[in-house]
Amino acid sequence: MIAIDLRSDTVTRPTRAMRAAMAEAEVGDDVYGEDPTVNRLEAMAAERLGHECAVFVPSGTQSNLLALLSHCERGDEYIVGQLAHTYKYEGGGAAVLGSIQPQPLDFGPDGTLDLDQVARVIKPDNIHFARTRLLCLENTQAGKVLPLDYLDQAKALADRRRLALHLDGARVFNAAVKLRVAVDRISARFDSVSFCLSKGLGAPVGSLLCGSRDLIRRARRWRKVTGGGMRQAGVIAAAGIVALQSHVERLAEDHANAQALARGMAGIAGLSVDPGQVQTNMLFLSVTAGDAASFCEHMRERGIYVSAETPIRMVTHLDFHAEHIPAVVEAAEAYFTRAA
Ligand SMILES: Cc1ncc(COP(=O)(O)O)c(C=O)c1O
């Protein structure tokens with residue numbers, strides 16, 4: 001039975017080049033700032049994203065948390081998408097550990113937050129209210145790329161209203177590749193940016209938070225507080241360096257595969273998917289003739305794993321190849337023929 005895992009782009013295994021780099025990595029104690037491989041990765045990330053400094057952390061969740069804790073204090077507020085990872089999927093960390101209040105807003109269909117609405121929920125300076133300090137965006141948001149002119153407008157609003165601007169850029173390289181721009185065209189305008197090495201870039205572990213020297217100094221302190229100070233972390237940072245050097249441009253292949261897969265699935269009566277909505281490496285589909293849970297189970301029995309959410313999510317990545325597409329489409333077709 002074939003195993004094709006489309007649940008997420010986090011499922012990739014480290015490549016041979018990554019394993020070789022990990023085996024050879026020069027290491028030291030990173031809590032003392034003495035791991036040369038971590039230092040190199042942090043310098044590469046900061047330079048690439050157009051920021052002064054970066055800090056290497058185990059996960060995107062921790063990276064976002066450190067950003068929130070470094071921008072905000074107890075009783076402060078951040079504006080964020082209702083379905084944003086930083087709000088919905090991080091265990092309420094900002095509230096649990098920072099006494100920071102979220103002000104969630106619905107994302108628009110294009111993954112943006114309506115800036116008029118953002119402006120309206122910024123609290124006046126008044127003892128009744130939390131202090132609104134930070135606006136958080138996500139790019140890509142469910143696979144959608146935020147337009148560059150929208151980012152300009154968000155930055156102008158943040159400057160005008162004295163908010164800091166954070167980007168959960170877990171997949172910001174997908175956005176840059178899709179827009180055919182260097183990533184700093186997106187990232188440099190933010191006060192902080194978190195991105196993941198362990199998603200489309202294919203590394204086994206790790207994220208980086210980028211920002212000013214001062215912000216990253218605060219984030220390093222919070223990293224230690226939250227137990228994220230690692231020691232000979234060069235072993236994993238080495239894979240991250242390979243990811244940044246070799247796996248950025250190839251994201252275009254994942255985007256093309258997602259598009260081709262969406263077109264294949266769109267031809268199946270009983271499934272609804274719009275290839276026109278697929279911008280990067282994610283596609284979402286609904287089962288219109290049958291039951292989503294039994295469809296996912298049917299796929300799993302054929303060795304094809306998809307994310308059993310509503311709508312169903314499929315994510316392409318380094319270990320998914322164009323040759324896999326016919327098998328996925330055929331397995332999906334078989335569900336409807338069997339049901340008929
Ligand atoms: C948009 C987004 N931000 C942040 C994260 C968190 O990353 P991690 O799983 O490394 O904590 C994810 C993970 O899926 C994500 O999709």
# chains A, B, ... in the order shown; residues from 1 in each chain; ligands from 1
call {"tool": "select_by_dssp", "arguments": {"residues": "segment 99-154 of chain A", "states": "strand (DSSP E or B)", "output": "NGL selection string"}}
result
:A and (101-105 or 131-138 or 141 or 144)
call {"tool": "residues_around", "arguments": {"residues": "segment 190-204 of chain A", "least_positions_apart": "5", "cutoff": "7 Å", "atoms": "only C-alpha atoms", "output": "ChimeraX atom specification"}}
result
/A:9-10,12-14,60,63-64,67,164-172,209-211,239-240,243,247-248,251,317-318
call {"tool": "residues_around", "arguments": {"residues": "Val118 of chain A", "least_positions_apart": "5", "cutoff": "12 Å", "atoms": "only C-alpha atoms", "output": "PyMOL selection string"}}
result
chain A and resi 78-81+103-107+112-113+123+132+134-137+153-154+157-158+161+163
call {"tool": "residues_around", "arguments": {"residues": "segment 279-282 of chain A", "least_positions_apart": "3", "cutoff": "6 Å", "atoms": "only C-alpha atoms", "output": "PDB file with C-alpha atoms, in the first residue's frame"}}
result
ATOM      1  CA  GLY A 143      -2.502  28.987   1.854  1.00  0.00           C
ATOM      2  CA  LYS A 144      -3.487  32.503   0.759  1.00  0.00           C
ATOM      3  CA  ASP A 254       4.709  22.330  -4.253  1.00  0.00           C
ATOM      4  CA  HIS A 255       2.483  25.118  -5.546  1.00  0.00           C
ATOM      5  CA  ALA A 258      -1.264  21.642  -5.354  1.00  0.00           C
ATOM      6  CA  MET A 314      -4.532  18.721   1.538  1.00  0.00           C
ATOM      7  CA  VAL A 315      -1.031  20.164   1.720  1.00  0.00           C
ATOM      8  CA  THR A 316       1.774  19.483  -0.755  1.00  0.00           C
TER       9      THR A 316
END
call {"tool": "closest_residue", "arguments": {"among": "A:His85, A:His51, A:Lys224, A:Arg40", "to": "ligand 1", "atoms": "only C-alpha atoms and all ligand atoms"}}
result
A:His85
call {"tool": "atom_distance", "arguments": {"atom1": "atom CA of Gly290 of chain A", "atom2": "atom CA of Tyr335 of chain A"}}
result
9.1 Å
call {"tool": "closest_residue", "arguments": {"among": "A:Glu253, A:Asp125, A:Glu138, A:Asp149", "to": "Arg162 of chain A", "atoms": "only C-alpha atoms"}}
result
A:Asp125
call {"tool": "select_by_dssp", "arguments": {"residues": "segment 28-128 of chain A", "states": "alpha helix (DSSP H)", "output": "NGL selection string"}}
result
:A and (36-49 or 60-71 or 85-88 or 93-98 or 115-121)
call {"tool": "write_last_selection", "arguments": {"atoms": "N, CA and C atoms", "output": "compact mmCIF listing (two decimals), in the first residue's frame"}}
result
# COMPACT_ATOMS: atom_id res chain seq x y z
N PRO A 36 28.25 27.74 16.99
CA PRO A 36 28.53 28.46 15.75
C PRO A 36 27.48 28.19 14.66
N THR A 37 26.90 26.99 14.68
CA THR A 37 25.91 26.67 13.63
C THR A 37 24.61 27.41 13.89
N VAL A 38 24.20 27.48 15.15
CA VAL A 38 23.00 28.26 15.49
C VAL A 38 23.25 29.73 15.15
N ASN A 39 24.43 30.23 15.54
CA ASN A 39 24.74 31.64 15.27
C ASN A 39 24.68 31.93 13.77
N ARG A 40 25.17 30.97 12.99
CA ARG A 40 25.16 31.17 11.53
C ARG A 40 23.73 31.18 11.01
N LEU A 41 22.94 30.25 11.48
CA LEU A 41 21.54 30.19 11.03
C LEU A 41 20.80 31.48 11.41
N GLU A 42 21.01 31.95 12.62
CA GLU A 42 20.32 33.18 13.07
C GLU A 42 20.75 34.37 12.21
N ALA A 43 22.04 34.44 11.91
CA ALA A 43 22.53 35.56 11.09
C ALA A 43 21.94 35.48 9.68
N MET A 44 21.90 34.26 9.13
CA MET A 44 21.33 34.07 7.78
C MET A 44 19.86 34.50 7.75
N ALA A 45 19.13 34.08 8.78
CA ALA A 45 17.68 34.36 8.82
C ALA A 45 17.45 35.86 8.92
N ALA A 46 18.20 36.53 9.81
CA ALA A 46 18.01 37.97 10.01
C ALA A 46 18.31 38.70 8.71
N GLU A 47 19.40 38.33 8.09
CA GLU A 47 19.81 39.01 6.84
C GLU A 47 18.76 38.81 5.75
N ARG A 48 18.34 37.56 5.61
CA ARG A 48 17.39 37.21 4.56
C ARG A 48 16.05 37.94 4.76
N LEU A 49 15.62 38.07 6.01
CA LEU A 49 14.31 38.66 6.26
C LEU A 49 14.36 40.17 6.46
N GLY A 60 7.18 26.98 15.86
CA GLY A 60 6.50 28.22 15.47
C GLY A 60 5.64 28.75 16.61
N THR A 61 5.08 27.84 17.38
CA THR A 61 4.24 28.26 18.51
C THR A 61 5.09 29.05 19.50
N GLN A 62 6.29 28.54 19.79
CA GLN A 62 7.13 29.28 20.74
C GLN A 62 7.59 30.61 20.15
N SER A 63 7.88 30.60 18.87
CA SER A 63 8.34 31.82 18.22
C SER A 63 7.28 32.92 18.29
N ASN A 64 6.03 32.56 17.98
CA ASN A 64 4.93 33.53 18.10
C ASN A 64 4.75 33.98 19.54
N LEU A 65 4.83 33.03 20.47
CA LEU A 65 4.65 33.37 21.88
C LEU A 65 5.72 34.36 22.33
N LEU A 66 6.98 34.11 21.95
CA LEU A 66 8.06 35.03 22.35
C LEU A 66 7.82 36.42 21.77
N ALA A 67 7.27 36.47 20.55
CA ALA A 67 6.98 37.78 19.94
C ALA A 67 5.93 38.51 20.78
N LEU A 68 4.86 37.79 21.12
CA LEU A 68 3.79 38.44 21.90
C LEU A 68 4.31 38.90 23.26
N LEU A 69 5.08 38.04 23.91
CA LEU A 69 5.60 38.39 25.24
C LEU A 69 6.61 39.54 25.16
N SER A 70 7.30 39.65 24.03
CA SER A 70 8.32 40.70 23.90
C SER A 70 7.71 42.04 23.49
N HIS A 71 6.59 42.00 22.76
CA HIS A 71 5.94 43.26 22.37
C HIS A 71 5.02 43.80 23.47
N HIS A 85 -3.35 31.18 13.79
CA HIS A 85 -2.64 30.22 14.64
C HIS A 85 -2.31 30.86 15.97
N THR A 86 -1.84 32.11 15.92
CA THR A 86 -1.40 32.84 17.12
C THR A 86 -2.51 33.04 18.15
N TYR A 87 -3.74 32.88 17.70
CA TYR A 87 -4.86 33.04 18.63
C TYR A 87 -5.49 31.69 18.95
N LYS A 88 -5.87 30.95 17.88
CA LYS A 88 -6.72 29.78 18.10
C LYS A 88 -5.95 28.50 18.42
N GLY A 93 -1.50 30.71 24.87
CA GLY A 93 -0.23 30.98 25.54
C GLY A 93 -0.03 32.43 25.96
N ALA A 94 -0.47 33.37 25.12
CA ALA A 94 -0.25 34.79 25.45
C ALA A 94 -1.04 35.16 26.71
N ALA A 95 -2.24 34.59 26.85
CA ALA A 95 -3.05 34.85 28.04
C ALA A 95 -2.49 34.08 29.24
N VAL A 96 -2.12 32.82 28.99
CA VAL A 96 -1.65 31.97 30.10
C VAL A 96 -0.36 32.54 30.70
N LEU A 97 0.57 32.90 29.83
CA LEU A 97 1.91 33.26 30.32
C LEU A 97 2.16 34.76 30.37
N GLY A 98 1.39 35.54 29.62
CA GLY A 98 1.70 36.97 29.55
C GLY A 98 0.59 37.87 30.04
N LEU A 115 -8.83 46.50 7.59
CA LEU A 115 -8.08 47.51 8.36
C LEU A 115 -8.99 48.57 8.97
N ASP A 116 -10.17 48.81 8.37
CA ASP A 116 -11.12 49.74 9.01
C ASP A 116 -11.62 49.15 10.31
N GLN A 117 -11.88 47.83 10.24
CA GLN A 117 -12.33 47.14 11.45
C GLN A 117 -11.21 47.12 12.50
N VAL A 118 -9.99 46.89 12.05
CA VAL A 118 -8.85 46.92 12.98
C VAL A 118 -8.82 48.29 13.67
N ALA A 119 -8.94 49.35 12.85
CA ALA A 119 -8.86 50.71 13.41
C ALA A 119 -9.97 50.92 14.45
N ARG A 120 -11.15 50.35 14.16
CA ARG A 120 -12.29 50.55 15.08
C ARG A 120 -12.10 49.85 16.43
N VAL A 121 -11.37 48.72 16.44
CA VAL A 121 -11.26 48.00 17.72
C VAL A 121 -10.05 48.42 18.54
call {"tool": "residues_around", "arguments": {"residues": "Ala23 of chain A", "least_positions_apart": "4", "cutoff": "9 Å", "atoms": "only C-alpha atoms", "output": "ChimeraX atom specification"}}
result
/A:18-19,235,238
call {"tool": "closest_residue", "arguments": {"among": "A:Val11, A:Leu148, A:Leu179, A:Val205", "to": "ligand 1", "atoms": "only C-alpha atoms and all ligand atoms"}}
result
A:Val205
call {"tool": "closest_residue", "arguments": {"among": "A:Met299, A:Ala20, A:Ala175, A:Val183", "to": "Ala334 of chain A", "atoms": "only C-alpha atoms"}}
result
A:Met299
call {"tool": "closest_residue", "arguments": {"among": "A:Ala292, A:Leu271, A:Ala130, A:Ala142", "to": "ligand 1", "atoms": "only C-alpha atoms and all ligand atoms"}}
result
A:Ala142
